[in-house]
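Structure first, then comments.
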Amino acid sequence: MRSFRECAMLATLSIGVSVFAFTSPARADYTFYRTEPHTGACWNKVNAYGGVYQVTNNLLNGTAYTHTATVQNYRPGVGLQSSESYTAGPGEWKVGGIAHVAIVPGDEFRYYLNGALIAGIPAHGIPFYMQNCKVATSPSVKIRTALSYGLAALDSVYTGACAGNYRFGAAPSTGVWHYGASCNSGQGNYYQPAGVRGFDCSGLVYKMFEYAGVPFGWTSSTAMKNGIPQISKSYIQVGDLLVKYGHVAVYLGDGDGDGIPSVLEATPEWTNPDGSKTGVIISNATSYLQDSAYTAHRVPGT
């Protein structure tokens with residue numbers, strides 16, 4: 001794979017997005033198309049004015065099979081301008097732009113997985129939430145697999161800590177309200193629509209490492225802080241946990257080289273029109289690294 005800085009596609013930004021089956025865009029740094037394996041693309045601004053963007057594509061393969069992604073630039077009325085493919089074997093995590101092409105206004109960015117069209121995004125329709133690729137790669141297959149689960153959960157709703165199995169990603173058959181920190185007291189704080197996955201902070205982390213096949217016996221932030229071996233923050237790596245009593249986040253490193261590291265976390269970030277709160281997001285890690293209440297922990301077996 002070429003590095004992020006070696007590979008670029010240029011596009012002009014406006015509004016709107018056109019996507020195909022199996023897509024579910026996340027309002028976060030990566031937009032993942034919810035397939036198995038997980039596929040994604042995000043756009044990084046190149047110039048200060050005018051809306052020129054650079055695209056990074058990814059293929060996070062947590063399966064036992066080999067998969068192939070193809071990225072194309074299609075020009076209506078003219079035809080295919082470029083096409084380039086890359087393959088991820090079982091457990092491989094491929095991140096980085098792969099094609100040197102310029103997408104001009106009117107062109108379309110196309111992403112195929114194993115020959116099936118996953119997404120088609122016009123150059124004039126790159127949405128705001130597809131900017132900035134924040135996730136650094138890890139040499140550990142298990143960490144990459146855990147992150148593929150967590151990143152594919154971007155935009156899931158926040159359930160709070162009193163949601164039972166629903167805080168581990170289960171989707172209810174009908175809409176349900178969950179309590180916040182004080183379980184079974186008063187009106188529910190967090191709404192989970194029917195058929196929509198939800199997490200709280202520790203539920204997300206638990207499911208990420210369970211998905212990666214890592215023995216993980218901690219189901220709360222308190223248990224993680226007390227039970228998972230602590231490391232110095234100066235030695236923190238992608239996939240390590242930043243934990244305080246009451247919250248946990250997963251360290252993502254500085255994937256876009258802007259000097260600002262990121263974390264993946266489940267926290268009530270903003271309220272959606274239906275009353276639910278978007279929970280799984282990518283955030284700035286700086287405050288967690290500087291706050292003495294948060295300690296760094298490395299999950300055994302990763």
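If you're wondering about the labels, chains in the structure tokens are A, B, ... by order shown, residues count from 1 in each chain, ligands from 1 in order shown.
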* To do: as a count of residues only, please: all residues of range 215-273 of chain A that backbone DSSP puts in strand (DSSP E or B).
  => 23
Go through range 213-244 of chain A and flag each residue having an atom no more than 8 Å from range 250-260 of chain A; for those, report the closest pair of atoms plus their distance in Å to one decimal, using only C-alpha atoms, ordered by chain and rising number, as CSV.
```
residue,atom,partner,partner_atom,distance
A:Ile236,CA,A:Tyr251,CA,7.9
A:Gln237,CA,A:Gly253,CA,6.9
A:Val238,CA,A:Leu252,CA,4.9
A:Gly239,CA,A:Tyr251,CA,5.4
A:Asp240,CA,A:Tyr251,CA,5.5
A:Leu241,CA,A:Val250,CA,4.7
A:Leu242,CA,A:Val250,CA,6.3
```
Report as a PDB file with N, CA, C and O atoms, in the first residue's frame: the residues of range 71-201 of chain A with a DSSP assignment of helix (DSSP H, G or I), based on the backbone of this structure.
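Written out: selection03.pdb:
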```pdb
ATOM      1  N   ALA A 123     -18.343  14.200  -7.303  1.00  0.00           N
ATOM      2  CA  ALA A 123     -17.317  15.121  -6.810  1.00  0.00           C
ATOM      3  C   ALA A 123     -17.929  16.365  -6.187  1.00  0.00           C
ATOM      4  O   ALA A 123     -17.350  16.955  -5.282  1.00  0.00           O
ATOM      5  N   HIS A 124     -19.119  16.761  -6.643  1.00  0.00           N
ATOM      6  CA  HIS A 124     -19.750  17.945  -6.079  1.00  0.00           C
ATOM      7  C   HIS A 124     -20.569  17.621  -4.837  1.00  0.00           C
ATOM      8  O   HIS A 124     -21.238  18.489  -4.288  1.00  0.00           O
ATOM      9  N   GLY A 125     -20.517  16.357  -4.369  1.00  0.00           N
ATOM     10  CA  GLY A 125     -21.377  15.978  -3.269  1.00  0.00           C
ATOM     11  C   GLY A 125     -20.668  15.360  -2.086  1.00  0.00           C
ATOM     12  O   GLY A 125     -21.251  14.573  -1.351  1.00  0.00           O
ATOM     13  N   PHE A 128     -19.722  16.878   4.566  1.00  0.00           N
ATOM     14  CA  PHE A 128     -18.786  17.429   5.545  1.00  0.00           C
ATOM     15  C   PHE A 128     -18.242  16.374   6.481  1.00  0.00           C
ATOM     16  O   PHE A 128     -17.117  16.490   6.974  1.00  0.00           O
ATOM     17  N   TYR A 129     -19.022  15.330   6.752  1.00  0.00           N
ATOM     18  CA  TYR A 129     -18.576  14.354   7.752  1.00  0.00           C
ATOM     19  C   TYR A 129     -17.568  13.361   7.194  1.00  0.00           C
ATOM     20  O   TYR A 129     -17.120  12.474   7.904  1.00  0.00           O
ATOM     21  N   MET A 130     -17.182  13.490   5.914  1.00  0.00           N
ATOM     22  CA  MET A 130     -16.185  12.598   5.335  1.00  0.00           C
ATOM     23  C   MET A 130     -14.819  13.272   5.258  1.00  0.00           C
ATOM     24  O   MET A 130     -14.026  13.003   4.374  1.00  0.00           O
ATOM     25  N   VAL A 141      -2.835  -7.606  14.410  1.00  0.00           N
ATOM     26  CA  VAL A 141      -4.050  -8.016  13.706  1.00  0.00           C
ATOM     27  C   VAL A 141      -5.258  -7.911  14.630  1.00  0.00           C
ATOM     28  O   VAL A 141      -6.341  -7.486  14.220  1.00  0.00           O
ATOM     29  N   LYS A 142      -5.094  -8.274  15.883  1.00  0.00           N
ATOM     30  CA  LYS A 142      -6.215  -8.240  16.816  1.00  0.00           C
ATOM     31  C   LYS A 142      -6.680  -6.815  17.080  1.00  0.00           C
ATOM     32  O   LYS A 142      -7.887  -6.547  17.172  1.00  0.00           O
ATOM     33  N   ILE A 143      -5.740  -5.879  17.191  1.00  0.00           N
ATOM     34  CA  ILE A 143      -6.122  -4.480  17.370  1.00  0.00           C
ATOM     35  C   ILE A 143      -6.831  -3.972  16.118  1.00  0.00           C
ATOM     36  O   ILE A 143      -7.862  -3.292  16.200  1.00  0.00           O
ATOM     37  N   ARG A 144      -6.307  -4.294  14.954  1.00  0.00           N
ATOM     38  CA  ARG A 144      -6.940  -3.847  13.717  1.00  0.00           C
ATOM     39  C   ARG A 144      -8.355  -4.412  13.600  1.00  0.00           C
ATOM     40  O   ARG A 144      -9.276  -3.729  13.151  1.00  0.00           O
ATOM     41  N   THR A 145      -8.532  -5.662  14.000  1.00  0.00           N
ATOM     42  CA  THR A 145      -9.850  -6.275  13.932  1.00  0.00           C
ATOM     43  C   THR A 145     -10.802  -5.621  14.930  1.00  0.00           C
ATOM     44  O   THR A 145     -11.971  -5.351  14.611  1.00  0.00           O
ATOM     45  N   ALA A 146     -10.313  -5.345  16.140  1.00  0.00           N
ATOM     46  CA  ALA A 146     -11.145  -4.658  17.135  1.00  0.00           C
ATOM     47  C   ALA A 146     -11.552  -3.279  16.639  1.00  0.00           C
ATOM     48  O   ALA A 146     -12.711  -2.870  16.771  1.00  0.00           O
ATOM     49  N   LEU A 147     -10.609  -2.560  16.045  1.00  0.00           N
ATOM     50  CA  LEU A 147     -10.918  -1.219  15.544  1.00  0.00           C
ATOM     51  C   LEU A 147     -11.891  -1.277  14.375  1.00  0.00           C
ATOM     52  O   LEU A 147     -12.721  -0.381  14.212  1.00  0.00           O
ATOM     53  N   SER A 148     -11.819  -2.331  13.563  1.00  0.00           N
ATOM     54  CA  SER A 148     -12.749  -2.419  12.441  1.00  0.00           C
ATOM     55  C   SER A 148     -14.184  -2.519  12.950  1.00  0.00           C
ATOM     56  O   SER A 148     -15.104  -1.948  12.353  1.00  0.00           O
ATOM     57  N   TYR A 149     -14.381  -3.208  14.061  1.00  0.00           N
ATOM     58  CA  TYR A 149     -15.720  -3.290  14.658  1.00  0.00           C
ATOM     59  C   TYR A 149     -16.137  -1.929  15.206  1.00  0.00           C
ATOM     60  O   TYR A 149     -17.249  -1.451  14.944  1.00  0.00           O
ATOM     61  N   GLY A 150     -15.240  -1.296  15.955  1.00  0.00           N
ATOM     62  CA  GLY A 150     -15.586  -0.017  16.568  1.00  0.00           C
ATOM     63  C   GLY A 150     -15.836   1.081  15.554  1.00  0.00           C
ATOM     64  O   GLY A 150     -16.790   1.859  15.681  1.00  0.00           O
ATOM     65  N   LEU A 151     -15.014   1.141  14.506  1.00  0.00           N
ATOM     66  CA  LEU A 151     -15.182   2.171  13.494  1.00  0.00           C
ATOM     67  C   LEU A 151     -16.436   1.932  12.664  1.00  0.00           C
ATOM     68  O   LEU A 151     -17.084   2.880  12.210  1.00  0.00           O
ATOM     69  N   ALA A 152     -16.807   0.672  12.458  1.00  0.00           N
ATOM     70  CA  ALA A 152     -18.038   0.375  11.741  1.00  0.00           C
ATOM     71  C   ALA A 152     -19.271   0.728  12.569  1.00  0.00           C
ATOM     72  O   ALA A 152     -20.373   0.803  12.029  1.00  0.00           O
ATOM     73  N   GLY A 164     -28.698  -2.532  29.855  1.00  0.00           N
ATOM     74  CA  GLY A 164     -28.614  -3.986  29.746  1.00  0.00           C
ATOM     75  C   GLY A 164     -27.881  -4.412  28.487  1.00  0.00           C
ATOM     76  O   GLY A 164     -26.841  -3.852  28.130  1.00  0.00           O
ATOM     77  N   ASN A 165     -28.435  -5.393  27.785  1.00  0.00           N
ATOM     78  CA  ASN A 165     -27.778  -5.891  26.577  1.00  0.00           C
ATOM     79  C   ASN A 165     -27.727  -4.861  25.469  1.00  0.00           C
ATOM     80  O   ASN A 165     -26.907  -4.961  24.546  1.00  0.00           O
ATOM     81  N   TYR A 166     -28.596  -3.865  25.521  1.00  0.00           N
ATOM     82  CA  TYR A 166     -28.612  -2.859  24.466  1.00  0.00           C
ATOM     83  C   TYR A 166     -27.346  -2.002  24.461  1.00  0.00           C
ATOM     84  O   TYR A 166     -27.000  -1.417  23.435  1.00  0.00           O
ATOM     85  N   ARG A 167     -26.638  -1.943  25.575  1.00  0.00           N
ATOM     86  CA  ARG A 167     -25.403  -1.153  25.579  1.00  0.00           C
ATOM     87  C   ARG A 167     -24.244  -1.900  24.928  1.00  0.00           C
ATOM     88  O   ARG A 167     -23.162  -1.349  24.751  1.00  0.00           O
ATOM     89  N   CYS A 201     -20.040   3.524  26.721  1.00  0.00           N
ATOM     90  CA  CYS A 201     -18.593   3.533  26.472  1.00  0.00           C
ATOM     91  C   CYS A 201     -17.957   2.167  26.678  1.00  0.00           C
ATOM     92  O   CYS A 201     -17.212   1.670  25.826  1.00  0.00           O
TER      93      CYS A 201
END
```
* To do: Between CA of Arg110 in chain A and CA of Tyr74 in chain A, measure the distance and give it in Å to one decimal.
  => 7.3 Å
* **Selection: 12 Å around Gly180 in chain A, only C-alpha atoms, excl. self and same-chain fewer than 6 positions, as a PyMOL selection string** => chain A and resi 158-164+167+186-191+200+246+267-268
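Shortest atom-to-atom contact with Asp107 in chain A among A:Ser156, A:Gln72, A:Ser138, A:Ser276: A:Gln72, counting only C-alpha atoms.
Pairwise distance (CA of Gly213 in chain A, CA of Ile231 in chain A) equals 22.1 Å.
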* Residue nearest Gly217 in chain A among A:Pro300, A:Phe199, A:Ala266, A:Val280 (counting only C-alpha atoms) ->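 Among the listed residues, the smallest separation from Gly217 in chain A belongs to A:Pro300.
Residues within 12 Å of Gln290 in chain A, counting only C-alpha atoms and excluding same-chain residues fewer than 6 positions away, are Lys233, Ser234, Leu242, Pro261, Asn284 and Ala296 of chain A.
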* Asked: Between A:Lys225, A:Lys94, A:His297, A:Lys207, which has the minimum distance to His67 in chain A (counting only C-alpha atoms)?
  ->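 Nearest to His67 in chain A: A:Lys94.
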* Asked: Nearest to Gly227 in chain A: which of A:Ser283, A:Val243, A:Pro172, A:Asn272 is it, counting only C-alpha atoms?
  ->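 Of A:Ser283, A:Val243, A:Pro172, A:Asn272, the one nearest Gly227 in chain A, counting only C-alpha atoms, is A:Val243.
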* Asked: Between CA of Val205 in chain A and CA of Val176 in chain A, what is the spacing in Å?
  ->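 One can read the CA of Val176 in chain A to CA of Val205 in chain A distance as 22.4 Å.
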